[in-house]
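J.: So here's work32.txt (compact mmCIF, C-alpha atoms and all ligand atoms).
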```txt
# COMPACT_ATOMS: atom_id res chain seq x y z
CA MET N 1 -21.85 -17.40 -13.20
CA GLN N 2 -20.78 -19.48 -10.26
CA LEU N 3 -17.61 -21.28 -9.35
CA SER N 4 -17.80 -25.03 -9.93
CA GLY N 5 -19.36 -27.02 -7.08
CA THR N 6 -16.13 -28.70 -6.00
CA LEU N 7 -14.28 -25.38 -5.97
CA SER N 8 -17.00 -23.68 -3.91
CA GLN N 9 -16.90 -26.58 -1.45
CA LEU N 10 -13.11 -26.31 -1.15
CA ILE N 11 -13.29 -22.55 -0.47
CA GLU N 12 -15.99 -23.14 2.14
CA ALA N 13 -14.00 -25.98 3.76
CA LEU N 14 -10.84 -23.83 3.99
CA ARG N 15 -12.74 -21.49 6.33
CA CYS N 16 -12.23 -24.01 9.16
CA LEU N 17 -8.61 -22.79 9.33
CA PRO N 18 -8.18 -20.23 12.11
CA GLY N 19 -8.12 -16.64 10.84
CA ILE N 20 -9.12 -17.49 7.26
CA GLY N 21 -12.04 -15.46 5.87
CA PRO N 22 -13.80 -15.89 2.51
CA LYS N 23 -11.26 -13.82 0.53
CA SER N 24 -8.23 -15.66 1.96
CA ALA N 25 -9.95 -19.02 1.43
CA GLN N 26 -10.44 -18.19 -2.24
CA ARG N 27 -6.84 -17.03 -2.57
CA ILE N 28 -5.55 -20.26 -0.97
CA ALA N 29 -7.75 -22.49 -3.16
CA PHE N 30 -6.60 -20.72 -6.34
CA HIS N 31 -2.97 -20.83 -5.22
CA LEU N 32 -3.07 -24.60 -4.66
CA LEU N 33 -4.95 -25.30 -7.91
CA GLU N 34 -2.69 -23.06 -9.98
CA ARG N 35 0.69 -23.65 -8.41
CA ASP N 36 0.80 -26.57 -6.00
CA ARG N 37 -1.63 -29.39 -6.70
CA GLU N 38 0.80 -31.94 -5.33
CA GLY N 39 1.05 -30.02 -2.03
CA GLY N 40 -2.73 -29.69 -1.94
CA SER N 41 -3.25 -33.43 -2.47
CA GLN N 42 -0.63 -34.24 0.15
CA LEU N 43 -2.32 -31.90 2.62
CA GLY N 44 -5.71 -33.44 1.85
CA GLN N 45 -4.44 -36.93 2.64
CA SER N 46 -2.54 -35.80 5.75
CA LEU N 47 -5.60 -34.03 7.15
CA THR N 48 -7.91 -36.96 6.50
CA LYS N 49 -5.50 -39.39 8.15
CA ALA N 50 -4.57 -37.14 11.09
CA MET N 51 -8.19 -36.40 12.04
CA GLN N 52 -8.86 -40.14 12.07
CA VAL N 53 -5.84 -41.62 13.79
CA ILE N 54 -4.57 -38.97 16.23
CA GLY N 55 -6.04 -39.34 19.69
CA HIS N 56 -4.74 -38.61 23.17
CA CYS N 57 -2.25 -40.53 25.28
CA GLN N 58 -4.24 -42.30 27.99
CA THR N 59 -1.60 -41.45 30.57
CA CYS N 60 -0.51 -37.86 29.83
CA ARG N 61 -3.20 -36.68 27.36
CA THR N 62 -0.80 -35.37 24.71
CA PHE N 63 -1.63 -35.96 21.04
CA CYS N 64 -0.77 -39.54 20.17
CA GLU N 65 -1.58 -42.23 17.62
CA GLU N 66 -1.03 -45.12 20.05
CA PRO N 67 -2.90 -45.69 23.31
CA GLU N 68 0.18 -44.35 25.13
CA CYS N 69 2.81 -41.88 23.88
CA SER N 70 6.52 -42.63 23.42
CA LEU N 71 7.42 -40.44 26.38
CA CYS N 72 5.11 -42.21 28.82
CA GLN N 73 6.35 -45.57 27.49
CA ASN N 74 10.03 -44.58 27.88
CA ILE N 75 11.45 -47.01 30.49
CA LYS N 76 14.11 -44.49 31.52
CA ARG N 77 11.37 -42.17 32.68
CA GLN N 78 8.75 -44.55 34.02
CA ASP N 79 10.29 -44.65 37.48
CA SER N 80 10.45 -40.87 37.74
CA ARG N 81 8.40 -39.47 40.61
CA LEU N 82 8.35 -36.00 39.05
CA LEU N 83 5.32 -34.91 37.02
CA CYS N 84 5.40 -31.69 35.02
CA VAL N 85 1.98 -30.22 34.17
CA VAL N 86 1.79 -28.12 30.99
CA GLU N 87 -1.00 -26.60 28.93
CA SER N 88 -0.05 -27.85 25.48
CA PRO N 89 1.98 -30.50 23.60
CA THR N 90 4.22 -27.66 22.29
CA ASP N 91 5.22 -26.92 25.89
CA VAL N 92 6.45 -30.50 26.19
CA LEU N 93 8.52 -30.00 23.03
CA ALA N 94 10.01 -26.77 24.41
CA ILE N 95 10.96 -28.39 27.72
CA GLU N 96 12.34 -31.51 26.02
CA GLN N 97 14.53 -29.30 23.84
CA THR N 98 16.38 -28.09 26.93
CA GLY N 99 17.40 -31.72 27.55
CA GLN N 100 17.47 -31.05 31.31
CA TYR N 101 14.17 -32.53 32.51
CA THR N 102 13.95 -36.30 32.79
CA GLY N 103 10.60 -36.67 34.54
CA LEU N 104 7.09 -37.33 33.27
CA TYR N 105 4.49 -34.94 31.87
CA PHE N 106 0.79 -34.27 32.07
CA VAL N 107 -0.72 -32.20 29.26
CA LEU N 108 -3.91 -30.31 30.13
CA MET N 109 -4.69 -29.43 26.49
CA GLY N 110 -5.79 -25.99 27.67
CA HIS N 111 -6.47 -24.23 30.95
CA LEU N 112 -9.43 -23.67 33.23
CA SER N 113 -11.80 -21.15 31.70
CA PRO N 114 -15.19 -21.37 33.41
CA LEU N 115 -16.75 -18.71 31.18
CA ASP N 116 -15.99 -20.87 28.13
CA GLY N 117 -17.34 -23.98 29.84
CA ILE N 118 -13.85 -25.39 30.38
CA GLY N 119 -13.88 -26.88 33.87
CA PRO N 120 -11.60 -29.43 35.62
CA ASN N 121 -12.84 -32.43 33.64
CA GLU N 122 -12.36 -30.69 30.27
CA ILE N 123 -8.65 -30.34 31.02
CA GLY N 124 -8.32 -33.89 32.33
CA LEU N 125 -7.99 -33.15 36.04
CA ASP N 126 -9.97 -36.33 36.75
CA VAL N 127 -7.21 -38.29 35.00
CA LEU N 128 -4.55 -36.29 36.85
CA GLU N 129 -6.29 -36.93 40.18
CA ARG N 130 -6.17 -40.68 39.54
CA ARG N 131 -2.42 -40.41 38.97
CA LEU N 132 -1.94 -38.43 42.17
CA SER N 133 -3.95 -40.98 44.14
CA ASP N 134 -1.73 -43.82 42.86
CA GLY N 135 1.06 -42.68 45.20
CA ASN N 136 3.72 -42.83 42.44
CA ILE N 137 4.29 -39.06 42.22
CA ASP N 138 6.35 -37.08 44.75
CA GLU N 139 6.27 -33.67 43.13
CA VAL N 140 4.07 -31.91 40.58
CA ILE N 141 5.86 -29.09 38.73
CA LEU N 142 3.23 -26.61 37.58
CA ALA N 143 4.48 -25.23 34.26
CA THR N 144 1.25 -23.66 33.01
CA ASN N 145 1.62 -20.28 31.29
CA PRO N 146 2.19 -17.16 33.44
CA THR N 147 -1.21 -15.76 32.42
CA VAL N 148 -4.28 -15.15 34.57
CA GLU N 149 -5.81 -18.45 33.40
CA GLY N 150 -2.54 -20.35 33.71
CA GLU N 151 -2.02 -19.09 37.28
CA ALA N 152 -5.60 -19.96 38.27
CA THR N 153 -5.18 -23.44 36.79
CA ALA N 154 -1.85 -23.91 38.63
CA HIS N 155 -3.51 -22.81 41.88
CA PHE N 156 -6.40 -25.25 41.39
CA ILE N 157 -4.03 -28.16 40.73
CA SER N 158 -1.84 -27.25 43.72
CA GLU N 159 -4.90 -27.74 45.94
CA LEU N 160 -5.53 -31.11 44.31
CA CYS N 161 -1.92 -32.05 45.14
CA GLN N 162 -2.36 -31.05 48.80
CA LYS N 163 -5.31 -33.42 49.02
CA TYR N 164 -3.03 -36.33 48.07
CA ASP N 165 0.00 -35.12 50.00
CA VAL N 166 1.99 -34.47 46.82
CA LEU N 167 4.39 -31.53 46.74
CA ALA N 168 3.33 -28.88 44.19
CA SER N 169 5.88 -26.41 42.83
CA ARG N 170 5.53 -23.54 40.37
CA ILE N 171 8.19 -22.77 37.74
CA ALA N 172 10.05 -19.52 38.46
CA HIS N 173 9.09 -16.32 36.67
CA GLY N 174 11.55 -13.51 36.07
CA MET N 175 13.84 -11.93 33.55
CA PRO N 176 14.42 -14.04 30.45
CA VAL N 177 18.14 -14.83 30.11
CA GLY N 178 19.68 -12.24 27.78
CA GLY N 179 16.62 -10.02 28.13
CA GLU N 180 16.93 -6.29 28.66
CA LEU N 181 15.42 -4.85 31.79
CA ASP N 182 13.77 -1.90 30.10
CA LEU N 183 12.15 -4.09 27.45
CA VAL N 184 10.47 -6.51 29.83
CA ASP N 185 6.86 -6.03 30.97
CA GLY N 186 6.08 -4.82 34.47
CA MET N 187 4.56 -8.10 35.68
CA THR N 188 7.71 -9.99 34.74
CA LEU N 189 9.87 -7.35 36.42
CA MET N 190 7.75 -7.63 39.55
CA HIS N 191 8.23 -11.41 39.55
CA ALA N 192 11.97 -10.92 39.01
CA PHE N 193 12.15 -8.70 42.10
CA SER N 194 9.95 -10.76 44.39
CA GLY N 195 11.76 -13.96 43.38
CA ARG N 196 15.24 -12.53 44.00
CA LYS N 197 17.85 -14.77 45.60
CA ALA N 198 20.81 -13.91 47.81
CA ILE N 199 24.13 -14.22 45.99
CA THR N 200 26.17 -16.80 47.87
CA MET R 1 10.55 -36.53 22.48
CA GLN R 2 9.01 -36.05 19.09
CA LEU R 3 5.51 -35.39 17.87
CA SER R 4 3.83 -38.51 16.49
CA GLY R 5 4.62 -39.28 12.84
CA THR R 6 1.18 -38.44 11.53
CA LEU R 7 1.13 -35.12 13.40
CA SER R 8 4.59 -34.16 12.10
CA GLN R 9 3.46 -35.01 8.57
CA LEU R 10 0.34 -32.88 8.96
CA ILE R 11 2.35 -29.89 10.21
CA GLU R 12 4.77 -30.29 7.29
CA ALA R 13 1.91 -30.63 4.78
CA LEU R 14 0.22 -27.45 6.07
CA ARG R 15 3.29 -25.49 4.96
CA CYS R 16 2.04 -25.69 1.36
CA LEU R 17 -0.50 -23.01 2.30
CA PRO R 18 0.71 -19.56 1.21
CA GLY R 19 2.19 -17.55 4.09
CA ILE R 20 2.17 -20.41 6.61
CA GLY R 21 5.48 -20.98 8.43
CA PRO R 22 6.36 -23.79 10.87
CA LYS R 23 4.84 -22.06 13.92
CA SER R 24 1.54 -21.25 12.21
CA ALA R 25 1.38 -24.77 10.77
CA GLN R 26 1.71 -26.23 14.27
CA ARG R 27 -0.92 -23.83 15.61
CA ILE R 28 -3.36 -24.78 12.82
CA ALA R 29 -2.79 -28.53 13.30
CA PHE R 30 -3.40 -28.26 17.05
CA HIS R 31 -6.45 -26.07 16.53
CA LEU R 32 -8.05 -28.59 14.18
CA LEU R 33 -7.19 -31.59 16.38
CA GLU R 34 -8.39 -29.91 19.57
CA ARG R 35 -11.39 -27.96 18.36
CA ASP R 36 -12.55 -28.85 14.88
CA ARG R 37 -11.87 -32.40 13.77
CA GLU R 38 -15.01 -32.42 11.66
CA GLY R 39 -13.88 -29.29 9.80
CA GLY R 40 -10.41 -30.80 9.37
CA SER R 41 -11.80 -34.04 7.92
CA GLN R 42 -14.11 -32.10 5.63
CA LEU R 43 -11.20 -29.98 4.42
CA GLY R 44 -9.07 -33.09 3.86
CA GLN R 45 -11.73 -34.64 1.64
CA SER R 46 -12.43 -31.39 -0.22
CA LEU R 47 -8.75 -30.86 -0.96
CA THR R 48 -8.22 -34.42 -2.16
CA LYS R 49 -11.24 -34.22 -4.44
CA ALA R 50 -10.58 -30.70 -5.75
CA MET R 51 -6.97 -31.41 -6.70
CA GLN R 52 -8.16 -34.44 -8.65
CA VAL R 53 -11.27 -33.23 -10.46
CA ILE R 54 -10.77 -29.51 -11.07
CA GLY R 55 -9.19 -28.77 -14.44
CA HIS R 56 -9.52 -25.92 -16.89
CA CYS R 57 -12.30 -25.07 -19.34
CA GLN R 58 -11.02 -26.00 -22.80
CA THR R 59 -12.55 -22.83 -24.25
CA CYS R 60 -11.89 -20.07 -21.70
CA ARG R 61 -9.34 -21.72 -19.33
CA THR R 62 -11.17 -20.92 -16.10
CA PHE R 63 -11.25 -23.54 -13.33
CA CYS R 64 -13.82 -26.15 -14.25
CA GLU R 65 -14.75 -29.77 -13.50
CA GLU R 66 -16.26 -30.41 -16.93
CA PRO R 67 -14.48 -30.11 -20.29
CA GLU R 68 -16.26 -26.76 -20.78
CA CYS R 69 -17.53 -24.32 -18.13
CA SER R 70 -21.17 -23.30 -17.63
CA LEU R 71 -20.49 -19.82 -18.97
CA CYS R 72 -18.99 -21.02 -22.24
CA GLN R 73 -21.86 -23.50 -22.59
CA ASN R 74 -24.51 -20.81 -21.99
CA ILE R 75 -26.54 -20.62 -25.21
CA LYS R 76 -27.50 -17.00 -24.51
CA ARG R 77 -23.85 -16.05 -24.73
CA GLN R 78 -22.53 -18.38 -27.39
CA ASP R 79 -23.41 -15.99 -30.22
CA SER R 80 -21.70 -13.05 -28.56
CA ARG R 81 -18.85 -11.62 -30.59
CA LEU R 82 -17.35 -9.89 -27.53
CA LEU R 83 -14.49 -11.56 -25.64
CA CYS R 84 -13.31 -10.17 -22.30
CA VAL R 85 -9.76 -11.18 -21.30
CA VAL R 86 -9.05 -11.30 -17.56
CA GLU R 87 -6.20 -12.58 -15.40
CA SER R 88 -8.11 -14.73 -12.93
CA PRO R 89 -11.40 -16.59 -12.36
CA THR R 90 -12.19 -14.12 -9.56
CA ASP R 91 -12.17 -11.31 -12.13
CA VAL R 92 -14.92 -13.17 -14.01
CA LEU R 93 -16.92 -13.36 -10.77
CA ALA R 94 -16.47 -9.62 -10.17
CA ILE R 95 -17.59 -8.70 -13.69
CA GLU R 96 -20.54 -11.13 -13.59
CA GLN R 97 -21.68 -9.56 -10.34
CA THR R 98 -22.25 -6.25 -12.15
CA GLY R 99 -24.79 -8.08 -14.35
CA GLN R 100 -23.98 -5.72 -17.24
CA TYR R 101 -21.68 -7.79 -19.44
CA THR R 102 -23.24 -10.50 -21.56
CA GLY R 103 -20.25 -11.53 -23.69
CA LEU R 104 -17.71 -14.31 -23.38
CA TYR R 105 -14.51 -14.53 -21.34
CA PHE R 106 -10.98 -15.73 -21.67
CA VAL R 107 -9.07 -16.34 -18.44
CA LEU R 108 -5.27 -16.07 -18.66
CA MET R 109 -4.71 -17.62 -15.19
CA GLY R 110 -1.93 -15.08 -14.66
CA HIS R 111 -0.04 -12.50 -16.68
CA LEU R 112 3.13 -12.40 -18.76
CA SER R 113 6.16 -12.50 -16.50
CA PRO R 114 9.25 -13.45 -18.51
CA LEU R 115 11.54 -13.37 -15.48
CA ASP R 116 9.41 -16.08 -13.83
CA GLY R 117 9.35 -18.11 -17.02
CA ILE R 118 5.72 -17.20 -17.75
CA GLY R 119 5.54 -16.57 -21.46
CA PRO R 120 2.60 -16.44 -23.94
CA ASN R 121 1.93 -20.20 -23.90
CA GLU R 122 1.89 -20.35 -20.09
CA ILE R 123 -1.06 -17.94 -20.06
CA GLY R 124 -2.85 -19.72 -22.91
CA LEU R 125 -2.25 -17.20 -25.68
CA ASP R 126 -1.96 -20.10 -28.13
CA VAL R 127 -5.54 -21.05 -27.23
CA LEU R 128 -6.62 -17.40 -27.49
CA GLU R 129 -4.96 -17.06 -30.88
CA ARG R 130 -6.94 -20.04 -32.17
CA ARG R 131 -10.13 -18.32 -31.06
CA LEU R 132 -9.16 -15.07 -32.75
CA SER R 133 -8.36 -16.92 -35.98
CA ASP R 134 -11.83 -18.53 -35.99
CA GLY R 135 -13.36 -15.22 -37.06
CA ASN R 136 -16.13 -15.40 -34.42
CA ILE R 137 -14.86 -12.51 -32.31
CA ASP R 138 -15.32 -8.84 -33.22
CA GLU R 139 -13.83 -7.21 -30.14
CA VAL R 140 -11.48 -8.24 -27.37
CA ILE R 141 -11.94 -6.24 -24.16
CA LEU R 142 -8.63 -6.28 -22.29
CA ALA R 143 -9.51 -6.33 -18.59
CA THR R 144 -6.15 -7.35 -17.15
CA ASN R 145 -5.10 -5.58 -13.97
CA PRO R 146 -3.80 -1.99 -14.17
CA THR R 147 -0.31 -3.11 -13.06
CA VAL R 148 2.94 -3.09 -15.00
CA GLU R 149 2.53 -6.80 -15.84
CA GLY R 150 -1.18 -6.43 -16.62
CA GLU R 151 -0.51 -3.51 -18.98
CA ALA R 152 2.30 -5.38 -20.74
CA THR R 153 0.06 -8.43 -21.13
CA ALA R 154 -2.77 -6.27 -22.52
CA HIS R 155 -0.36 -4.68 -24.98
CA PHE R 156 0.92 -8.06 -26.15
CA ILE R 157 -2.62 -9.34 -26.72
CA SER R 158 -3.66 -6.16 -28.55
CA GLU R 159 -0.92 -6.89 -31.10
CA LEU R 160 -2.22 -10.44 -31.46
CA CYS R 161 -5.68 -8.97 -32.15
CA GLN R 162 -4.30 -6.67 -34.85
CA LYS R 163 -2.85 -9.70 -36.64
CA TYR R 164 -6.36 -11.18 -36.92
CA ASP R 165 -8.12 -7.88 -37.59
CA VAL R 166 -9.99 -8.04 -34.30
CA LEU R 167 -10.67 -4.78 -32.43
CA ALA R 168 -8.85 -4.63 -29.06
CA SER R 169 -10.07 -2.28 -26.32
CA ARG R 170 -8.75 -1.58 -22.84
CA ILE R 171 -11.05 -1.03 -19.86
CA ALA R 172 -10.99 2.57 -18.60
CA HIS R 173 -8.89 3.53 -15.61
CA GLY R 174 -9.72 6.45 -13.38
CA MET R 175 -11.27 7.44 -10.07
CA PRO R 176 -13.25 4.66 -8.40
CA VAL R 177 -16.88 5.72 -7.98
CA GLY R 178 -17.29 7.13 -4.48
CA GLY R 179 -13.50 7.45 -4.08
CA GLU R 180 -11.89 10.54 -2.62
CA LEU R 181 -9.45 12.41 -4.80
CA ASP R 182 -6.83 12.85 -2.12
CA LEU R 183 -6.88 9.17 -1.18
CA VAL R 184 -6.24 7.83 -4.66
CA ASP R 185 -2.72 7.01 -5.90
CA GLY R 186 -0.98 9.26 -8.41
CA MET R 187 -1.08 6.76 -11.28
CA THR R 188 -4.87 6.47 -10.99
CA LEU R 189 -5.22 10.24 -10.78
CA MET R 190 -3.08 10.60 -13.92
CA HIS R 191 -5.33 8.10 -15.73
CA ALA R 192 -8.38 10.01 -14.49
CA PHE R 193 -7.03 13.25 -16.00
CA SER R 194 -5.82 11.85 -19.30
CA GLY R 195 -9.07 9.90 -19.78
CA ARG R 196 -11.30 12.96 -19.08
CA LYS R 197 -14.43 13.43 -21.20
CA ALA R 198 -16.26 16.61 -22.20
CA ILE R 199 -19.54 17.09 -20.33
CA THR R 200 -22.28 17.23 -22.94
ZN ZN C 1 1.83 -39.87 27.31
ZN ZN C 2 -15.24 -21.64 -20.20
```
Rewrite the coordinates I just gave you, this time as structure tokens.
T.:
Amino acid sequence: MQLSGTLSQLIEALRCLPGIGPKSAQRIAFHLLERDREGGSQLGQSLTKAMQVIGHCQTCRTFCEEPECSLCQNIKRQDSRLLCVVESPTDVLAIEQTGQYTGLYFVLMGHLSPLDGIGPNEIGLDVLERRLSDGNIDEVILATNPTVEGEATAHFISELCQKYDVLASRIAHGMPVGGELDLVDGMTLMHAFSGRKAIT
Amino acid sequence: MQLSGTLSQLIEALRCLPGIGPKSAQRIAFHLLERDREGGSQLGQSLTKAMQVIGHCQTCRTFCEEPECSLCQNIKRQDSRLLCVVESPTDVLAIEQTGQYTGLYFVLMGHLSPLDGIGPNEIGLDVLERRLSDGNIDEVILATNPTVEGEATAHFISELCQKYDVLASRIAHGMPVGGELDLVDGMTLMHAFSGRKAIT
């Protein structure tokens, strides 16, 4: 006995989800069929549409359905000469939630990872270089993650900035506000010490 | 700044998957958009189709695209007077993989759970009763799970069988073959003792 063709296909297709093996795929398919067909149909339509219509903003590379995203089109920001470089669209969301930054963004959609074949062009540094060469940016704030890859990527971009006489700055690393000293990792603690400021 | 409408909808729709919260939904959406658009499109189509065309076999209730499943339509089995009652289509797969059982099945698609509003009709016992009343079944093998709900469901069905003078049997519980005594739970061990057989 075999599962019906359509059901087998669904279970196979669910394996494209990260971390979902054959057993989980079966469990998900049965769950949707037994308990949430409406949710399953809705998800089917959303996936089909999203994979078709979502592209990248031509200016900042974030996910976007239009040629240019709402943030890049925002007239209040267009004159900003600050450009914040982040790894992912979620980083933009996190920064926007603080409500403090009013400059522009550039989203790498990843970080340099030569061993995985991800070089400068794969993270859009050709597009970024064009923006730097335009002369409209005074400062690039490097807000890539404080990981080995994020640091290497920030370093690479800072050299690109030098070439075009654009100031490059790196976001500060240190103790998270409200964090407890003895619960923070050693690398963060090291950054907190080396980045210490005189109390004035 | 907000994520584009289609992307927000996709993230929301992914939450219908069991165990997926807002963060995981975002991670999955970004993964598909960045790394596996083909897989995402394929999944979208499979879901849409599956939710539309997959129904239940009118005879045994398992998931099926036709009015009746291939197992119920199998002429080699149609004369069998054995009916195995299981909770889920995956149980049918597991039993079929042993290659030893050649009878028919009835799939409850769940178990009795009065507190969740799942009574006899919700697990198809009206359909099962019609089959018992036909007089074509000699024995019902109760292969529901060895859980509290599974046992209660088996007990309920055994009383239904009595009403129609059909023999009801329960699958044996005990030590899994190859299992280690000290690793097995107490309930299983108890079953293994009470179900002991004389060595002949
Ligand atoms: Zn943009
Ligand atoms: Zn059937």
J.: Using all atoms listed in the file, find each residue with an atom at most 12 Å away from ligand ZN 1 (chain C) and format the answer as a PyMOL selection string.
T.: (chain N and resi 55-74+77-78+83-85+89+92+103-108+127) or (chain R and resi 1-4)
J.: What does the file look like for those residues with C-alpha atoms, as a PDB file, in the coordinates of the input?
T.:
```
ATOM      1  CA  GLY N  55      -6.040 -39.340  19.690  1.00  0.00           C
ATOM      2  CA  HIS N  56      -4.740 -38.610  23.170  1.00  0.00           C
ATOM      3  CA  CYS N  57      -2.250 -40.530  25.280  1.00  0.00           C
ATOM      4  CA  GLN N  58      -4.240 -42.300  27.990  1.00  0.00           C
ATOM      5  CA  THR N  59      -1.600 -41.450  30.570  1.00  0.00           C
ATOM      6  CA  CYS N  60      -0.510 -37.860  29.830  1.00  0.00           C
ATOM      7  CA  ARG N  61      -3.200 -36.680  27.360  1.00  0.00           C
ATOM      8  CA  THR N  62      -0.800 -35.370  24.710  1.00  0.00           C
ATOM      9  CA  PHE N  63      -1.630 -35.960  21.040  1.00  0.00           C
ATOM     10  CA  CYS N  64      -0.770 -39.540  20.170  1.00  0.00           C
ATOM     11  CA  GLU N  65      -1.580 -42.230  17.620  1.00  0.00           C
ATOM     12  CA  GLU N  66      -1.030 -45.120  20.050  1.00  0.00           C
ATOM     13  CA  PRO N  67      -2.900 -45.690  23.310  1.00  0.00           C
ATOM     14  CA  GLU N  68       0.180 -44.350  25.130  1.00  0.00           C
ATOM     15  CA  CYS N  69       2.810 -41.880  23.880  1.00  0.00           C
ATOM     16  CA  SER N  70       6.520 -42.630  23.420  1.00  0.00           C
ATOM     17  CA  LEU N  71       7.420 -40.440  26.380  1.00  0.00           C
ATOM     18  CA  CYS N  72       5.110 -42.210  28.820  1.00  0.00           C
ATOM     19  CA  GLN N  73       6.350 -45.570  27.490  1.00  0.00           C
ATOM     20  CA  ASN N  74      10.030 -44.580  27.880  1.00  0.00           C
ATOM     21  CA  ARG N  77      11.370 -42.170  32.680  1.00  0.00           C
ATOM     22  CA  GLN N  78       8.750 -44.550  34.020  1.00  0.00           C
ATOM     23  CA  LEU N  83       5.320 -34.910  37.020  1.00  0.00           C
ATOM     24  CA  CYS N  84       5.400 -31.690  35.020  1.00  0.00           C
ATOM     25  CA  VAL N  85       1.980 -30.220  34.170  1.00  0.00           C
ATOM     26  CA  PRO N  89       1.980 -30.500  23.600  1.00  0.00           C
ATOM     27  CA  VAL N  92       6.450 -30.500  26.190  1.00  0.00           C
ATOM     28  CA  GLY N 103      10.600 -36.670  34.540  1.00  0.00           C
ATOM     29  CA  LEU N 104       7.090 -37.330  33.270  1.00  0.00           C
ATOM     30  CA  TYR N 105       4.490 -34.940  31.870  1.00  0.00           C
ATOM     31  CA  PHE N 106       0.790 -34.270  32.070  1.00  0.00           C
ATOM     32  CA  VAL N 107      -0.720 -32.200  29.260  1.00  0.00           C
ATOM     33  CA  LEU N 108      -3.910 -30.310  30.130  1.00  0.00           C
ATOM     34  CA  VAL N 127      -7.210 -38.290  35.000  1.00  0.00           C
TER      35      VAL N 127
ATOM     36  CA  MET R   1      10.550 -36.530  22.480  1.00  0.00           C
ATOM     37  CA  GLN R   2       9.010 -36.050  19.090  1.00  0.00           C
ATOM     38  CA  LEU R   3       5.510 -35.390  17.870  1.00  0.00           C
ATOM     39  CA  SER R   4       3.830 -38.510  16.490  1.00  0.00           C
TER      40      SER R   4
END
```
J.: Show me, as an MDAnalysis selection string, the residues of chain N whose atoms get within 8 Å of chain R, using all atoms listed in the file for the distance check.
T.: chainID N and resid 1:4 6:7 9:10 13:14 16:18 28 31:34 36:52 54 63:65 70:71 93 96 109
J.: Any idea what's packed within 10 Å of Ser80 of chain R, counting only C-alpha atoms, ignoring anything in its chain fewer than 5 positions away? Could you give it as JSON, numbers by chain?
T.: {"R": [75, 102, 103, 104, 136, 137, 138, 139]}
J.: Take the residues from that selection and put them in a file with C-alpha atoms, as a compact mmCIF listing (two decimals), in the frame of the given file.
T.:
```txt
# COMPACT_ATOMS: atom_id res chain seq x y z
CA ILE R 75 -26.54 -20.62 -25.21
CA THR R 102 -23.24 -10.50 -21.56
CA GLY R 103 -20.25 -11.53 -23.69
CA LEU R 104 -17.71 -14.31 -23.38
CA ASN R 136 -16.13 -15.40 -34.42
CA ILE R 137 -14.86 -12.51 -32.31
CA ASP R 138 -15.32 -8.84 -33.22
CA GLU R 139 -13.83 -7.21 -30.14
```
J.: Hey, can you check how far atom CA of Val86 of chain N sits from atom CA of Arg170 of chain N?
T.: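 Atom CA of Arg170 of chain N lies 11.1 Å from atom CA of Val86 of chain N.
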J.: Between atom CA of Ser169 of chain R and atom CA of His155 of chain R, what is the spacing in Å?
T.: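 Answer for the atom CA of His155 of chain R to atom CA of Ser169 of chain R separation: 10.1 Å.
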J.: Calculated over all atoms listed in the file, which of the candidates N:His173, N:Arg130, N:Tyr101, N:Asn145 has the smallest distance to Met187 of chain N?
T.: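 Once distances to Met187 of chain N are computed over all atoms listed in the file, the minimum belongs to N:His173.
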J.: Using all atoms listed in the file, determine which residues lie at most 10 Å from segment 156-161 of chain R, disregarding the query and same-chain residues fewer than 5 positions distant; provide the list as a PDB file with C-alpha atoms, in the frame of the given file.
T.:
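Saved the output as part-v1.pdb:
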```pdb
ATOM      1  CA  VAL R  85      -9.760 -11.180 -21.300  1.00  0.00           C
ATOM      2  CA  LEU R 112       3.130 -12.400 -18.760  1.00  0.00           C
ATOM      3  CA  PRO R 120       2.600 -16.440 -23.940  1.00  0.00           C
ATOM      4  CA  LEU R 125      -2.250 -17.200 -25.680  1.00  0.00           C
ATOM      5  CA  LEU R 128      -6.620 -17.400 -27.490  1.00  0.00           C
ATOM      6  CA  GLU R 129      -4.960 -17.060 -30.880  1.00  0.00           C
ATOM      7  CA  LEU R 132      -9.160 -15.070 -32.750  1.00  0.00           C
ATOM      8  CA  SER R 133      -8.360 -16.920 -35.980  1.00  0.00           C
ATOM      9  CA  ILE R 137     -14.860 -12.510 -32.310  1.00  0.00           C
ATOM     10  CA  ASP R 138     -15.320  -8.840 -33.220  1.00  0.00           C
ATOM     11  CA  GLU R 139     -13.830  -7.210 -30.140  1.00  0.00           C
ATOM     12  CA  VAL R 140     -11.480  -8.240 -27.370  1.00  0.00           C
ATOM     13  CA  ILE R 141     -11.940  -6.240 -24.160  1.00  0.00           C
ATOM     14  CA  LEU R 142      -8.630  -6.280 -22.290  1.00  0.00           C
ATOM     15  CA  GLY R 150      -1.180  -6.430 -16.620  1.00  0.00           C
ATOM     16  CA  GLU R 151      -0.510  -3.510 -18.980  1.00  0.00           C
ATOM     17  CA  VAL R 166      -9.990  -8.040 -34.300  1.00  0.00           C
ATOM     18  CA  LEU R 167     -10.670  -4.780 -32.430  1.00  0.00           C
ATOM     19  CA  ALA R 168      -8.850  -4.630 -29.060  1.00  0.00           C
ATOM     20  CA  SER R 169     -10.070  -2.280 -26.320  1.00  0.00           C
ATOM     21  CA  ARG R 170      -8.750  -1.580 -22.840  1.00  0.00           C
TER      22      ARG R 170
END
```
J.: Using all atoms listed in the file, which residues sit within 12 Å of His191 of chain N once same-chain residues fewer than 3 positions away are excluded, as a ChimeraX atom specification?
T.: /N:146,171-176,184-188,194-197
